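Asks: You'll find structure-v2.tsv just under this line, and it carries TSV, C-alpha atoms.
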chain	number	residue	atom	x	y	z
A	1	MET	CA	-11.51	-29.87	-16.58
A	2	THR	CA	-12.07	-30.16	-20.28
A	3	GLU	CA	-8.48	-30.86	-21.34
A	4	LEU	CA	-7.74	-34.15	-22.96
A	5	ASP	CA	-5.44	-36.34	-20.98
A	6	THR	CA	-2.69	-36.66	-23.53
A	7	ALA	CA	0.23	-36.52	-21.08
A	8	ALA	CA	0.88	-40.18	-21.66
A	9	ASP	CA	1.10	-39.75	-25.43
A	10	PRO	CA	4.83	-39.47	-26.19
A	11	GLY	CA	4.10	-39.46	-29.91
A	12	LEU	CA	2.13	-36.22	-29.60
A	13	ARG	CA	4.83	-34.64	-27.46
A	14	ASP	CA	7.49	-35.55	-30.04
A	15	ARG	CA	5.36	-34.06	-32.78
A	16	VAL	CA	4.99	-30.84	-30.78
A	17	VAL	CA	8.78	-30.75	-30.28
A	18	GLU	CA	9.18	-30.89	-34.06
A	19	GLU	CA	6.60	-28.17	-34.56
A	20	ILE	CA	8.30	-25.92	-31.99
A	21	CYS	CA	11.70	-26.41	-33.69
A	22	ALA	CA	10.12	-25.52	-37.03
A	23	LEU	CA	8.58	-22.34	-35.60
A	24	LEU	CA	11.63	-21.08	-33.72
A	25	PRO	CA	13.23	-19.18	-36.64
A	26	ARG	CA	9.95	-17.34	-37.20
A	27	VAL	CA	9.51	-16.36	-33.55
A	28	LEU	CA	13.18	-15.55	-32.94
A	29	LYS	CA	13.53	-13.92	-36.38
A	30	ARG	CA	16.83	-15.75	-37.04
A	31	GLU	CA	18.09	-19.13	-38.13
A	32	VAL	CA	18.20	-21.79	-35.40
A	33	ALA	CA	20.37	-24.88	-35.92
A	34	GLY	CA	20.45	-28.11	-33.93
A	35	ALA	CA	17.55	-27.44	-31.54
A	36	THR	CA	16.31	-30.54	-29.70
A	37	ALA	CA	13.89	-31.35	-26.87
A	38	GLU	CA	16.73	-30.69	-24.41
A	39	THR	CA	17.52	-27.18	-25.72
A	40	THR	CA	16.78	-24.53	-23.08
A	41	LEU	CA	14.45	-21.79	-24.29
A	42	MET	CA	15.78	-18.87	-22.30
A	43	GLU	CA	19.46	-19.61	-21.77
A	44	ALA	CA	20.35	-21.30	-25.07
A	45	LEU	CA	17.89	-19.61	-27.41
A	46	GLY	CA	17.38	-16.26	-25.68
A	47	LEU	CA	13.60	-16.62	-25.93
A	48	SER	CA	11.76	-14.09	-23.78
A	49	SER	CA	8.61	-15.19	-21.96
A	50	THR	CA	6.45	-13.13	-24.33
A	51	ALA	CA	8.15	-14.64	-27.37
A	52	ALA	CA	7.50	-18.06	-25.83
A	53	LEU	CA	3.81	-17.16	-25.52
A	54	GLU	CA	3.81	-16.08	-29.16
A	55	LEU	CA	5.25	-19.48	-29.95
A	56	VAL	CA	2.35	-21.14	-28.13
A	57	LEU	CA	-0.15	-19.06	-30.15
A	58	GLU	CA	1.63	-19.94	-33.40
A	59	LEU	CA	1.40	-23.59	-32.38
A	60	GLU	CA	-2.33	-23.25	-31.82
A	61	GLU	CA	-2.71	-22.11	-35.41
A	62	ARG	CA	-0.41	-24.82	-36.70
A	63	LEU	CA	-2.11	-27.60	-34.75
A	64	GLU	CA	-5.54	-26.04	-35.32
A	65	ARG	CA	-6.31	-26.67	-31.67
A	66	GLU	CA	-6.68	-24.36	-28.71
A	67	ILE	CA	-4.18	-24.74	-25.87
A	68	SER	CA	-5.26	-24.11	-22.27
A	69	VAL	CA	-2.77	-21.63	-20.80
A	70	GLU	CA	-4.16	-21.22	-17.30
A	71	GLU	CA	-1.68	-23.63	-15.75
A	72	LEU	CA	1.29	-22.62	-17.89
A	73	GLY	CA	4.14	-21.86	-15.49
A	74	ARG	CA	7.77	-20.83	-15.53
A	75	ASP	CA	8.99	-24.41	-15.29
A	76	ASP	CA	7.13	-25.28	-18.49
A	77	PHE	CA	9.31	-22.79	-20.34
A	78	ALA	CA	12.56	-24.51	-19.28
A	79	THR	CA	13.25	-26.46	-22.48
A	80	ILE	CA	11.62	-27.22	-25.81
A	81	GLY	CA	10.71	-30.61	-24.34
A	82	THR	CA	9.02	-29.28	-21.20
A	83	LEU	CA	6.99	-26.80	-23.24
A	84	ALA	CA	6.01	-29.56	-25.68
A	85	GLY	CA	5.02	-31.74	-22.72
A	86	TYR	CA	2.76	-29.02	-21.33
A	87	ILE	CA	1.15	-28.37	-24.72
A	88	ALA	CA	0.60	-32.08	-25.42
A	89	ALA	CA	-1.18	-32.39	-22.06
A	90	ASN	CA	-3.23	-29.20	-22.40
A	91	LEU	CA	-4.75	-29.27	-25.87
A	92	LEU	CA	-8.41	-28.44	-25.54
A	93	PRO	CA	-10.89	-30.77	-27.23
A	94	GLU	CA	-11.68	-30.06	-30.88
A	95	GLU	CA	-14.96	-28.26	-31.38
A	96	ASP	CA	-17.56	-30.24	-33.26
B	1	MET	CA	17.79	-9.17	1.13
B	2	ASN	CA	17.30	-5.47	1.55
B	3	VAL	CA	13.97	-6.08	3.22
B	4	GLU	CA	15.72	-7.39	6.30
B	5	ARG	CA	17.29	-4.05	7.01
B	6	GLU	CA	14.57	-1.89	5.51
B	7	GLN	CA	11.92	-1.59	8.17
B	8	GLY	CA	12.42	-2.06	11.84
B	9	ALA	CA	9.66	-3.40	14.02
B	10	ARG	CA	6.49	-1.48	13.37
B	11	GLU	CA	4.68	-2.43	16.53
B	12	ARG	CA	4.35	1.19	17.54
B	13	ALA	CA	3.17	2.32	14.11
B	14	VAL	CA	-0.56	2.47	13.53
B	15	THR	CA	-0.51	4.46	10.30
B	16	ALA	CA	-4.06	4.33	8.97
B	17	LEU	CA	-5.67	4.86	5.58
B	18	LEU	CA	-8.61	7.10	6.41
B	19	ASP	CA	-10.12	7.49	2.96
B	20	VAL	CA	-9.28	6.43	-0.60
B	21	ALA	CA	-10.66	7.91	-3.81
B	22	VAL	CA	-9.82	7.16	-7.42
B	23	HIS	CA	-10.46	8.69	-10.81
B	24	LEU	CA	-10.33	7.09	-14.23
B	25	PRO	CA	-11.07	9.24	-17.27
B	26	GLU	CA	-13.96	8.30	-19.53
B	27	GLN	CA	-12.16	7.69	-22.82
B	28	ARG	CA	-11.50	4.01	-23.45
B	29	THR	CA	-8.74	3.05	-25.86
B	30	SER	CA	-8.14	-0.55	-26.91
B	31	VAL	CA	-4.67	-2.00	-26.47
B	32	ASP	CA	-4.78	-2.85	-30.21
B	33	GLU	CA	-4.93	0.86	-30.97
B	34	VAL	CA	-1.98	1.69	-28.72
B	35	ALA	CA	-0.03	-1.33	-30.00
B	36	ALA	CA	-0.52	-0.21	-33.60
B	37	GLN	CA	1.25	3.06	-32.86
B	38	TYR	CA	4.32	1.15	-31.72
B	39	GLY	CA	4.40	-1.42	-34.51
B	40	LEU	CA	3.45	-4.47	-32.48
B	41	THR	CA	2.46	-7.51	-34.56
B	42	PRO	CA	-1.08	-8.91	-34.33
B	43	MET	CA	0.42	-11.95	-32.59
B	44	GLN	CA	2.03	-9.75	-29.93
B	45	VAL	CA	-1.32	-8.03	-29.36
B	46	LYS	CA	-2.98	-11.43	-29.09
B	47	VAL	CA	-0.46	-12.40	-26.39
B	48	PHE	CA	-1.40	-9.27	-24.44
B	49	ARG	CA	-5.11	-9.97	-24.74
B	50	ARG	CA	-5.18	-13.73	-24.30
B	51	TYR	CA	-2.43	-14.32	-21.70
B	52	HIS	CA	-1.82	-10.98	-20.07
B	53	LYS	CA	-5.61	-10.35	-19.88
B	54	LEU	CA	-5.19	-6.73	-20.93
B	55	GLY	CA	-7.87	-5.11	-23.08
B	56	GLU	CA	-8.39	-1.38	-22.68
B	57	VAL	CA	-6.69	1.63	-21.18
B	58	ARG	CA	-8.09	5.04	-20.24
B	59	ARG	CA	-7.03	8.37	-21.69
B	60	ASP	CA	-7.83	12.00	-20.93
B	61	PRO	CA	-6.61	13.62	-24.16
B	62	GLY	CA	-7.76	17.11	-23.25
B	63	GLY	CA	-6.52	17.05	-19.68
B	64	ASP	CA	-3.25	17.54	-17.84
B	65	LEU	CA	-1.85	15.73	-14.84
B	66	ILE	CA	-3.47	18.21	-12.49
B	67	ASP	CA	-6.89	17.35	-13.94
B	68	LEU	CA	-6.40	13.67	-13.11
B	69	LEU	CA	-5.17	14.38	-9.58
B	70	ARG	CA	-7.84	17.01	-8.96
B	71	ALA	CA	-10.64	14.58	-9.86
B	72	ALA	CA	-9.28	12.00	-7.40
B	73	VAL	CA	-8.89	14.53	-4.55
B	74	ALA	CA	-12.39	15.90	-5.23
B	75	GLY	CA	-13.77	12.44	-4.47
B	76	LEU	CA	-12.09	12.27	-1.09
B	77	GLY	CA	-15.00	12.98	1.25
B	78	GLY	CA	-12.84	12.43	4.34
B	79	LEU	CA	-10.77	15.48	3.48
B	80	ARG	CA	-13.65	17.97	3.74
B	81	GLY	CA	-13.27	20.17	6.79
B	82	ARG	CA	-9.88	18.70	7.66
B	83	GLU	CA	-7.79	20.59	5.10
B	84	GLN	CA	-5.93	22.51	7.80
B	85	ASP	CA	-4.76	19.25	9.40
B	86	VAL	CA	-2.95	18.09	6.26
B	87	ARG	CA	0.80	18.44	6.82
B	88	TYR	CA	2.13	16.52	3.83
B	89	VAL	CA	0.97	16.12	0.26
B	90	VAL	CA	3.07	13.55	-1.53
B	91	HIS	CA	2.90	12.57	-5.19
B	92	ALA	CA	4.10	8.98	-5.72
B	93	ARG	CA	5.65	8.77	-9.18
B	94	THR	CA	6.64	5.98	-11.50
B	95	PHE	CA	8.69	8.40	-13.62
B	96	PRO	CA	10.96	11.02	-12.04
B	97	SER	CA	9.71	13.78	-14.37
B	98	VAL	CA	6.00	13.96	-15.03
B	99	VAL	CA	5.48	17.56	-16.12
B	100	PRO	CA	7.74	20.08	-17.86
B	101	TYR	CA	9.54	22.67	-15.77
B	102	PRO	CA	8.36	25.00	-14.22
B	103	LEU	CA	4.93	23.41	-13.69
B	104	HIS	CA	4.15	22.23	-10.16
B	105	PRO	CA	0.71	20.59	-10.32
B	106	VAL	CA	0.84	19.32	-6.72
B	107	HIS	CA	1.55	22.79	-5.35
B	108	GLU	CA	-1.24	24.17	-7.50
B	109	LEU	CA	-3.57	21.49	-6.17
B	110	CYS	CA	-2.68	22.44	-2.58
B	111	ARG	CA	-3.73	26.01	-3.30
B	112	GLU	CA	-6.98	24.87	-4.94
B	113	PHE	CA	-8.01	22.62	-2.05
B	114	GLY	CA	-6.89	24.89	0.80
B	115	LEU	CA	-3.95	22.69	1.79
B	116	GLU	CA	-1.57	25.63	2.24
B	117	ARG	CA	-0.23	24.31	5.53
B	118	ALA	CA	1.11	21.18	3.88
B	119	SER	CA	4.60	20.49	2.59
B	120	ALA	CA	4.26	19.13	-0.94
B	121	PHE	CA	6.83	16.88	-2.56
B	122	ALA	CA	7.24	13.82	-4.75
B	123	VAL	CA	8.44	10.32	-3.91
B	124	GLY	CA	9.88	8.10	-6.60
B	125	HIS	CA	12.74	5.92	-7.84
B	126	HIS	CA	10.86	2.79	-6.82
B	127	ALA	CA	8.95	3.10	-10.11
B	128	CYS	CA	5.47	1.58	-9.71
B	129	ALA	CA	6.27	0.49	-6.16
B	130	SER	CA	6.62	4.19	-5.19
B	131	GLY	CA	2.98	4.34	-4.03
B	132	LEU	CA	3.73	2.02	-1.13
B	133	LEU	CA	6.97	3.87	-0.45
B	134	ALA	CA	4.96	7.11	-0.19
B	135	LEU	CA	2.60	5.51	2.35
B	136	ASP	CA	5.59	4.42	4.41
B	137	VAL	CA	7.21	7.86	4.19
B	138	VAL	CA	4.10	9.75	5.32
B	139	GLY	CA	3.50	7.15	8.03
B	140	ARG	CA	6.93	7.89	9.47
B	141	LEU	CA	6.50	11.65	9.14
B	142	LEU	CA	3.09	11.56	10.86
B	143	ALA	CA	4.43	9.31	13.64
B	144	ALA	CA	7.10	11.94	14.31
B	145	ASP	CA	4.66	14.85	14.16
B	146	PRO	CA	3.82	16.37	17.56
B	147	ASP	CA	0.19	16.83	16.46
B	148	PRO	CA	-1.60	13.46	16.72
B	149	GLY	CA	-4.33	14.78	14.44
B	150	ALA	CA	-1.93	15.57	11.61
B	151	LEU	CA	-2.83	14.09	8.22
B	152	ALA	CA	-1.09	13.35	4.93
B	153	LEU	CA	-2.41	13.05	1.41
B	154	VAL	CA	-0.78	10.52	-0.91
B	155	LEU	CA	-1.47	11.07	-4.59
B	156	ALA	CA	-0.68	8.74	-7.47
B	157	GLY	CA	-1.32	8.73	-11.20
B	158	GLU	CA	0.40	10.06	-14.29
B	159	LYS	CA	-0.08	11.02	-17.91
B	160	THR	CA	0.94	8.61	-20.65
B	161	PHE	CA	3.09	11.34	-22.09
B	162	THR	CA	5.90	9.35	-23.74
B	163	ALA	CA	6.27	5.97	-25.41
B	164	GLU	CA	7.72	4.54	-22.19
B	165	ALA	CA	4.70	5.79	-20.30
B	166	GLU	CA	2.30	4.14	-22.77
B	167	ILE	CA	3.68	0.66	-23.11
B	168	LEU	CA	6.22	-1.52	-21.36
B	169	PRO	CA	7.36	-3.94	-24.09
B	170	ASP	CA	6.38	-7.57	-23.50
B	171	THR	CA	4.84	-6.58	-20.17
B	172	THR	CA	1.95	-4.12	-19.94
B	173	PHE	CA	0.04	-1.05	-21.13
B	174	PHE	CA	-0.30	2.06	-18.98
B	175	SER	CA	-3.54	3.90	-18.30
B	176	GLU	CA	-4.12	7.48	-17.26
B	177	GLY	CA	-5.91	7.83	-13.94
B	178	ALA	CA	-5.28	8.87	-10.36
B	179	SER	CA	-5.77	8.00	-6.73
B	180	ALA	CA	-5.87	10.06	-3.55
B	181	CYS	CA	-5.39	8.55	-0.13
B	182	LEU	CA	-5.86	10.35	3.17
B	183	VAL	CA	-3.47	9.00	5.80
B	184	GLY	CA	-3.52	9.50	9.55
B	185	ALA	CA	-0.95	8.75	12.27
B	186	ASP	CA	-3.58	6.63	13.95
B	187	GLY	CA	-6.97	5.21	13.18
B	188	SER	CA	-9.11	2.16	13.60
B	189	ARG	CA	-9.50	1.21	9.93
B	190	ASP	CA	-7.00	0.07	7.35
B	191	ARG	CA	-4.10	-0.02	9.76
B	192	MET	CA	-0.68	-0.50	8.21
B	193	LEU	CA	0.93	-3.49	9.94
B	194	ALA	CA	4.11	-3.98	7.94
B	195	TYR	CA	6.06	-2.91	4.89
B	196	ALA	CA	8.80	-4.72	3.05
B	197	VAL	CA	10.80	-3.51	0.10
B	198	ASP	CA	13.56	-5.12	-1.89
B	199	GLN	CA	15.56	-3.01	-4.31
B	200	ARG	CA	17.47	-5.01	-6.90
B	201	ALA	CA	19.49	-2.54	-8.93
B	202	GLU	CA	21.44	-5.40	-10.52
B	203	TYR	CA	18.44	-6.01	-12.79
B	204	ASP	CA	18.11	-2.37	-13.86
B	205	ASP	CA	19.91	-2.88	-17.14
B	206	ASP	CA	18.85	-3.11	-20.79
B	207	ALA	CA	21.32	-5.92	-21.61
B	208	GLU	CA	19.45	-8.89	-23.06
B	209	GLN	CA	20.78	-11.44	-20.57
B	210	VAL	CA	19.92	-9.18	-17.62
B	211	ALA	CA	16.41	-8.61	-19.01
B	212	LEU	CA	15.89	-12.36	-19.36
B	213	ALA	CA	17.20	-12.99	-15.85
B	214	PHE	CA	14.81	-10.33	-14.55
B	215	GLN	CA	11.87	-12.01	-16.28
B	216	ARG	CA	12.96	-15.35	-14.83
B	217	ASP	CA	13.34	-14.07	-11.25
B	218	TYR	CA	10.56	-11.44	-11.09
B	219	ALA	CA	7.74	-13.55	-9.62
B	220	GLN	CA	10.04	-15.18	-7.06
B	221	LEU	CA	11.36	-11.80	-5.89
B	222	LEU	CA	7.84	-10.41	-5.61
B	223	ALA	CA	6.66	-13.50	-3.72
B	224	ASP	CA	9.67	-13.24	-1.37
B	225	THR	CA	8.82	-9.61	-0.63
B	226	ILE	CA	5.20	-10.50	0.17
B	227	HIS	CA	6.50	-13.23	2.48
B	228	ALA	CA	8.84	-10.76	4.18
B	229	ALA	CA	6.01	-8.29	4.80
B	230	LEU	CA	3.78	-11.02	6.25
B	231	GLN	CA	6.61	-12.24	8.44
B	232	ARG	CA	7.08	-8.74	9.76
B	233	ALA	CA	3.34	-8.50	10.47
B	234	ALA	CA	3.56	-11.92	12.18
B	235	LEU	CA	0.75	-13.20	9.99
B	236	PRO	CA	0.49	-16.48	8.08
B	237	LEU	CA	-0.42	-16.40	4.40
B	238	ASP	CA	-3.83	-17.94	5.04
B	239	ALA	CA	-4.75	-14.92	7.18
B	240	VAL	CA	-4.73	-12.80	4.00
B	241	SER	CA	-8.25	-12.26	2.64
B	242	ALA	CA	-7.23	-10.33	-0.46
B	243	LEU	CA	-4.16	-9.36	-2.38
B	244	LEU	CA	-4.32	-5.97	-4.09
B	245	PRO	CA	-1.81	-6.19	-6.92
B	246	HIS	CA	-0.23	-3.78	-9.33
B	247	ASN	CA	-2.06	-4.25	-12.63
B	248	VAL	CA	0.92	-5.34	-14.66
B	249	ASN	CA	-0.43	-8.54	-16.21
B	250	ALA	CA	-2.10	-11.82	-15.24
B	251	PRO	CA	0.77	-14.32	-15.80
B	252	ILE	CA	2.98	-12.61	-13.23
B	253	TRP	CA	0.31	-12.92	-10.57
B	254	ARG	CA	-0.44	-16.50	-11.58
B	255	GLN	CA	3.25	-17.27	-11.02
B	256	VAL	CA	3.39	-15.39	-7.72
B	257	CYS	CA	0.32	-17.29	-6.48
B	258	ARG	CA	1.82	-20.60	-7.53
B	259	ILE	CA	5.07	-19.80	-5.67
B	260	LEU	CA	3.25	-18.58	-2.56
B	261	GLY	CA	0.53	-21.23	-2.62
B	262	PHE	CA	-2.07	-18.44	-2.54
B	263	PRO	CA	-5.44	-18.76	-4.32
B	264	LEU	CA	-5.46	-16.67	-7.50
B	265	GLU	CA	-9.14	-15.83	-7.01
B	266	ARG	CA	-8.20	-13.78	-3.95
B	267	VAL	CA	-6.02	-11.50	-6.09
B	268	VAL	CA	-8.09	-8.53	-7.30
B	269	LEU	CA	-7.27	-8.75	-11.00
B	270	GLU	CA	-10.62	-7.66	-12.44
B	271	ASN	CA	-9.37	-4.17	-13.31
B	272	LEU	CA	-6.60	-5.47	-15.55
B	273	ALA	CA	-8.76	-5.74	-18.66
B	274	ALA	CA	-10.48	-2.39	-18.15
B	275	TYR	CA	-7.56	-0.17	-17.13
B	276	GLY	CA	-4.22	-1.93	-17.43
B	277	HIS	CA	-1.45	-0.49	-15.30
B	278	VAL	CA	-2.31	2.89	-13.74
B	279	PHE	CA	1.23	3.67	-12.57
B	280	CYS	CA	1.38	3.88	-8.75
B	281	ALA	CA	-2.42	4.08	-8.39
B	282	ASP	CA	-3.20	0.37	-9.00
B	283	ALA	CA	-3.25	-0.76	-5.36
B	284	PHE	CA	-5.63	2.08	-4.46
B	285	ILE	CA	-7.92	1.39	-7.42
B	286	ASN	CA	-8.00	-2.28	-6.45
B	287	TYR	CA	-8.64	-1.30	-2.83
B	288	ARG	CA	-11.78	0.55	-3.92
B	289	THR	CA	-12.86	-2.50	-5.91
B	290	ALA	CA	-12.25	-4.80	-2.93
B	291	VAL	CA	-14.34	-2.54	-0.67
B	292	ARG	CA	-17.12	-2.19	-3.24
B	293	ARG	CA	-17.28	-5.95	-3.75
B	294	GLU	CA	-17.19	-6.48	0.05
B	295	LEU	CA	-14.11	-8.67	-0.21
B	296	LEU	CA	-12.82	-7.21	3.06
B	297	ARG	CA	-14.63	-7.43	6.35
B	298	PRO	CA	-13.60	-5.49	9.47
B	299	GLY	CA	-10.55	-7.05	11.09
B	300	GLU	CA	-9.52	-8.96	7.97
B	301	HIS	CA	-6.04	-8.60	6.52
B	302	TYR	CA	-4.95	-7.73	3.04
B	303	VAL	CA	-1.73	-7.11	1.18
B	304	MET	CA	-0.93	-4.38	-1.31
B	305	ALA	CA	1.95	-5.43	-3.52
B	306	ALA	CA	3.88	-4.12	-6.49
B	307	GLY	CA	6.93	-5.05	-8.45
B	308	ALA	CA	8.66	-2.50	-10.61
B	309	GLY	CA	10.60	-3.03	-13.79
B	310	ARG	CA	12.61	0.15	-14.00
B	311	GLY	CA	14.70	0.36	-10.86
B	312	ALA	CA	13.76	-3.20	-10.01
B	313	ALA	CA	12.01	-2.51	-6.71
B	314	PHE	CA	9.57	-4.91	-5.08
B	315	ALA	CA	7.27	-3.82	-2.29
B	316	ALA	CA	4.49	-5.27	-0.16
B	317	MET	CA	2.43	-3.76	2.63
B	318	VAL	CA	0.14	-5.59	5.04
B	319	PHE	CA	-3.05	-3.93	6.34
B	320	GLU	CA	-5.84	-4.72	8.72
B	321	HIS	CA	-9.19	-3.54	7.41
Is it possible to give me this structure as structure tokens?
Replies:
Amino acid sequence: MTELDTAADPGLRDRVVEEICALLPRVLKREVAGATAETTLMEALGLSSTAALELVLELEERLEREISVEELGRDDFATIGTLAGYIAANLLPEED
Amino acid sequence: MNVEREQGARERAVTALLDVAVHLPEQRTSVDEVAAQYGLTPMQVKVFRRYHKLGEVRRDPGGDLIDLLRAAVAGLGGLRGREQDVRYVVHARTFPSVVPYPLHPVHELCREFGLERASAFAVGHHACASGLLALDVVGRLLAADPDPGALALVLAGEKTFTAEAEILPDTTFFSEGASACLVGADGSRDRMLAYAVDQRAEYDDDAEQVALAFQRDYAQLLADTIHAALQRAALPLDAVSALLPHNVNAPIWRQVCRILGFPLERVVLENLAAYGHVFCADAFINYRTAVRRELLRPGEHYVMAAGAGRGAAFAAMVFEH
């Protein structure tokens, strides 16, 4: 495995939560108010799985890092926080 | 679940796949090109390429449906000399209407190949799971036929003739192509051990909440149907050497494997990038790939499985090679 072990870095996860919240209006094409780590992606926001994948790609560009998606599962798309947790733990190393 | 009442014990059934041939037209079209026609954003295309592992589809711009089907049947060596034994020619369809009235390409094909003794008809309304339904239907018809040497021909494949037949939003791209499968009431190879189908009409709705619920539940329902088929065949999951999927996209099969605890590398997904979803022909195309790559040895078991969006039907069939 080449992923960095960043699961224990709550600071990175919190930063990803912020980035996801900032990107939501763009992906959902509407204003989104009051989203937090606990907000559910599908039920509360109506985010389809493809739109959630678009969100992950947008995050890659924003973070300028590639995200390994091979292990990305349904449970990771439960809330903004779970998705942020997956991304924080699956950022691929920066290329030199 | 519907599967519980759908198939009785199949101990007596030894429906066998005697020969399988496929045809994919030469012209390759990138998914970017198809996506551009339907106004998809570059990011949406990137999702299809990167996550869904889709890349190209095949097109036969100068040909009709009969040309696709004809090319598949022409490759069926096992049919030569046995044309008079064919009692049923069945076209498994994703879409109920595939040609304008009054064209009947399957009847025309029967005349061309000397299959005049056969009854020709279409099987559908299970969308992309209709291919397995057609195998089950002909298996039952052949089992009831007084002639033990009677055969059936199951055809699959369609033209991408409308927007809905080109792209399934957020899900997949369709490819033109065809398969032909010669089926016998008995045989020693590729014996059909069990079939399970679960029809979930409650998901067949365009309402946003229903569509989201369908996305959420899809992999679980497909995994449950595979389990049901294996249970009926009295086989454990680890007895399955290969899973021949419908070529919808990679994430769905990743999820199904995670739910089942089945190794993803045993799912024949290599045709996804080259062809995308070839309607009801996927399982047969992947069968040919599995045989070519020697993934199946005599006596080993495999599962053909498909989940359908429209009509929300899930199907799985267990075979012994």
Asks: Considering all atoms listed in the file, extract the chain A residues located within 12 Å of chain B and return them as a compact mmCIF listing (two decimals) with C-alpha atoms, in the frame of the given file.
Replies:
# COMPACT_ATOMS: atom_id res chain seq x y z
CA ARG A 26 9.95 -17.34 -37.20
CA VAL A 27 9.51 -16.36 -33.55
CA LEU A 41 14.45 -21.79 -24.29
CA MET A 42 15.78 -18.87 -22.30
CA GLU A 43 19.46 -19.61 -21.77
CA ALA A 44 20.35 -21.30 -25.07
CA LEU A 45 17.89 -19.61 -27.41
CA GLY A 46 17.38 -16.26 -25.68
CA LEU A 47 13.60 -16.62 -25.93
CA SER A 48 11.76 -14.09 -23.78
CA SER A 49 8.61 -15.19 -21.96
CA THR A 50 6.45 -13.13 -24.33
CA ALA A 51 8.15 -14.64 -27.37
CA ALA A 52 7.50 -18.06 -25.83
CA LEU A 53 3.81 -17.16 -25.52
CA GLU A 54 3.81 -16.08 -29.16
CA LEU A 55 5.25 -19.48 -29.95
CA VAL A 56 2.35 -21.14 -28.13
CA LEU A 57 -0.15 -19.06 -30.15
CA GLU A 58 1.63 -19.94 -33.40
CA LEU A 59 1.40 -23.59 -32.38
CA GLU A 60 -2.33 -23.25 -31.82
CA GLU A 61 -2.71 -22.11 -35.41
CA GLU A 66 -6.68 -24.36 -28.71
CA ILE A 67 -4.18 -24.74 -25.87
CA SER A 68 -5.26 -24.11 -22.27
CA VAL A 69 -2.77 -21.63 -20.80
CA GLU A 70 -4.16 -21.22 -17.30
CA GLU A 71 -1.68 -23.63 -15.75
CA LEU A 72 1.29 -22.62 -17.89
CA GLY A 73 4.14 -21.86 -15.49
CA ARG A 74 7.77 -20.83 -15.53
CA ASP A 75 8.99 -24.41 -15.29
CA ASP A 76 7.13 -25.28 -18.49
CA PHE A 77 9.31 -22.79 -20.34
CA ALA A 78 12.56 -24.51 -19.28
Asks: May I have the residues at most 10 Å from (-6.3, -14.4, -3.3) in the file's coordinates, counting all atoms listed in the file, as a PDB file with C-alpha atoms, in the frame of the given file?
Replies:
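Final file, part-v5.pdb:
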ATOM      1  CA  LEU B 237      -0.420 -16.400   4.400  1.00  0.00           C
ATOM      2  CA  ASP B 238      -3.830 -17.940   5.040  1.00  0.00           C
ATOM      3  CA  VAL B 240      -4.730 -12.800   4.000  1.00  0.00           C
ATOM      4  CA  SER B 241      -8.250 -12.260   2.640  1.00  0.00           C
ATOM      5  CA  ALA B 242      -7.230 -10.330  -0.460  1.00  0.00           C
ATOM      6  CA  LEU B 243      -4.160  -9.360  -2.380  1.00  0.00           C
ATOM      7  CA  LEU B 244      -4.320  -5.970  -4.090  1.00  0.00           C
ATOM      8  CA  TRP B 253       0.310 -12.920 -10.570  1.00  0.00           C
ATOM      9  CA  CYS B 257       0.320 -17.290  -6.480  1.00  0.00           C
ATOM     10  CA  GLY B 261       0.530 -21.230  -2.620  1.00  0.00           C
ATOM     11  CA  PHE B 262      -2.070 -18.440  -2.540  1.00  0.00           C
ATOM     12  CA  PRO B 263      -5.440 -18.760  -4.320  1.00  0.00           C
ATOM     13  CA  LEU B 264      -5.460 -16.670  -7.500  1.00  0.00           C
ATOM     14  CA  GLU B 265      -9.140 -15.830  -7.010  1.00  0.00           C
ATOM     15  CA  ARG B 266      -8.200 -13.780  -3.950  1.00  0.00           C
ATOM     16  CA  VAL B 267      -6.020 -11.500  -6.090  1.00  0.00           C
ATOM     17  CA  VAL B 268      -8.090  -8.530  -7.300  1.00  0.00           C
ATOM     18  CA  LEU B 269      -7.270  -8.750 -11.000  1.00  0.00           C
ATOM     19  CA  TYR B 302      -4.950  -7.730   3.040  1.00  0.00           C
ATOM     20  CA  VAL B 303      -1.730  -7.110   1.180  1.00  0.00           C
TER      21      VAL B 303
END
Asks: Return the single residue from A:Glu31, A:Glu94, A:Asp14, A:Glu19 that is closest to Glu64 of chain A, with distances computed using all atoms listed in the file.
Replies: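 Comparing A:Glu31, A:Glu94, A:Asp14, A:Glu19 against Glu64 of chain A, the winner is A:Glu94.
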Asks: So that all listed atoms of segment 248-263 of chain B fit with 3 Å spare on each side, what axis-aligned box centre and edge lengths in Å, to one decimal, would you give as AutoDock Vina command-line options?
Replies:
--center_x -0.2 --center_y -13.3 --center_z -9.4 --size_x 16.5 --size_y 21.9 --size_z 19.7
Asks: At most 6 Å from (13.4, -27.6, -29.8), file frame, all atoms listed in the file: which residues, as number ranges by chain?
Replies: A: 17, 20-21, 35-37, 39, 80
Asks: Name the residues in contact with Glu56 of chain B at a cut-off of 6 Å, using only C-alpha atoms, excluding same-chain residues fewer than 6 positions from it; report them as an NGL selection string.
Replies: :B and (29-31 or 273-275)
Asks: What is the distance, in Å and to one decimal place, between atom CA of Phe121 of chain B and atom CA of Arg232 of chain B?
Replies: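 Spanning atom CA of Phe121 of chain B to atom CA of Arg232 of chain B is a straight-line distance of 28.4 Å.
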Asks: Atom CA of His125 of chain B and atom CA of Leu182 of chain B, how far apart in Å?
Replies: 22.1 Å
Asks: Once you count all atoms listed in the file, what closest atom pair and distance in Å to one decimal does each residue of segment 147-263 of chain B within 8 Å of segment 58-63 of chain B have, with rows by chain and rising residue number, as CSV?
Replies:
residue,atom,partner,partner_atom,distance
B:Ser175,CA,B:Arg58,CA,5.1
B:Glu176,CA,B:Arg59,CA,5.4
B:Gly177,CA,B:Arg58,CA,7.2
Asks: Include C-alpha atoms and write out the residues we just selected as a compact mmCIF listing (two decimals), in the coordinates of the input.
Replies:
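Here's the written file again18.txt:
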# COMPACT_ATOMS: atom_id res chain seq x y z
CA SER B 175 -3.54 3.90 -18.30
CA GLU B 176 -4.12 7.48 -17.26
CA GLY B 177 -5.91 7.83 -13.94
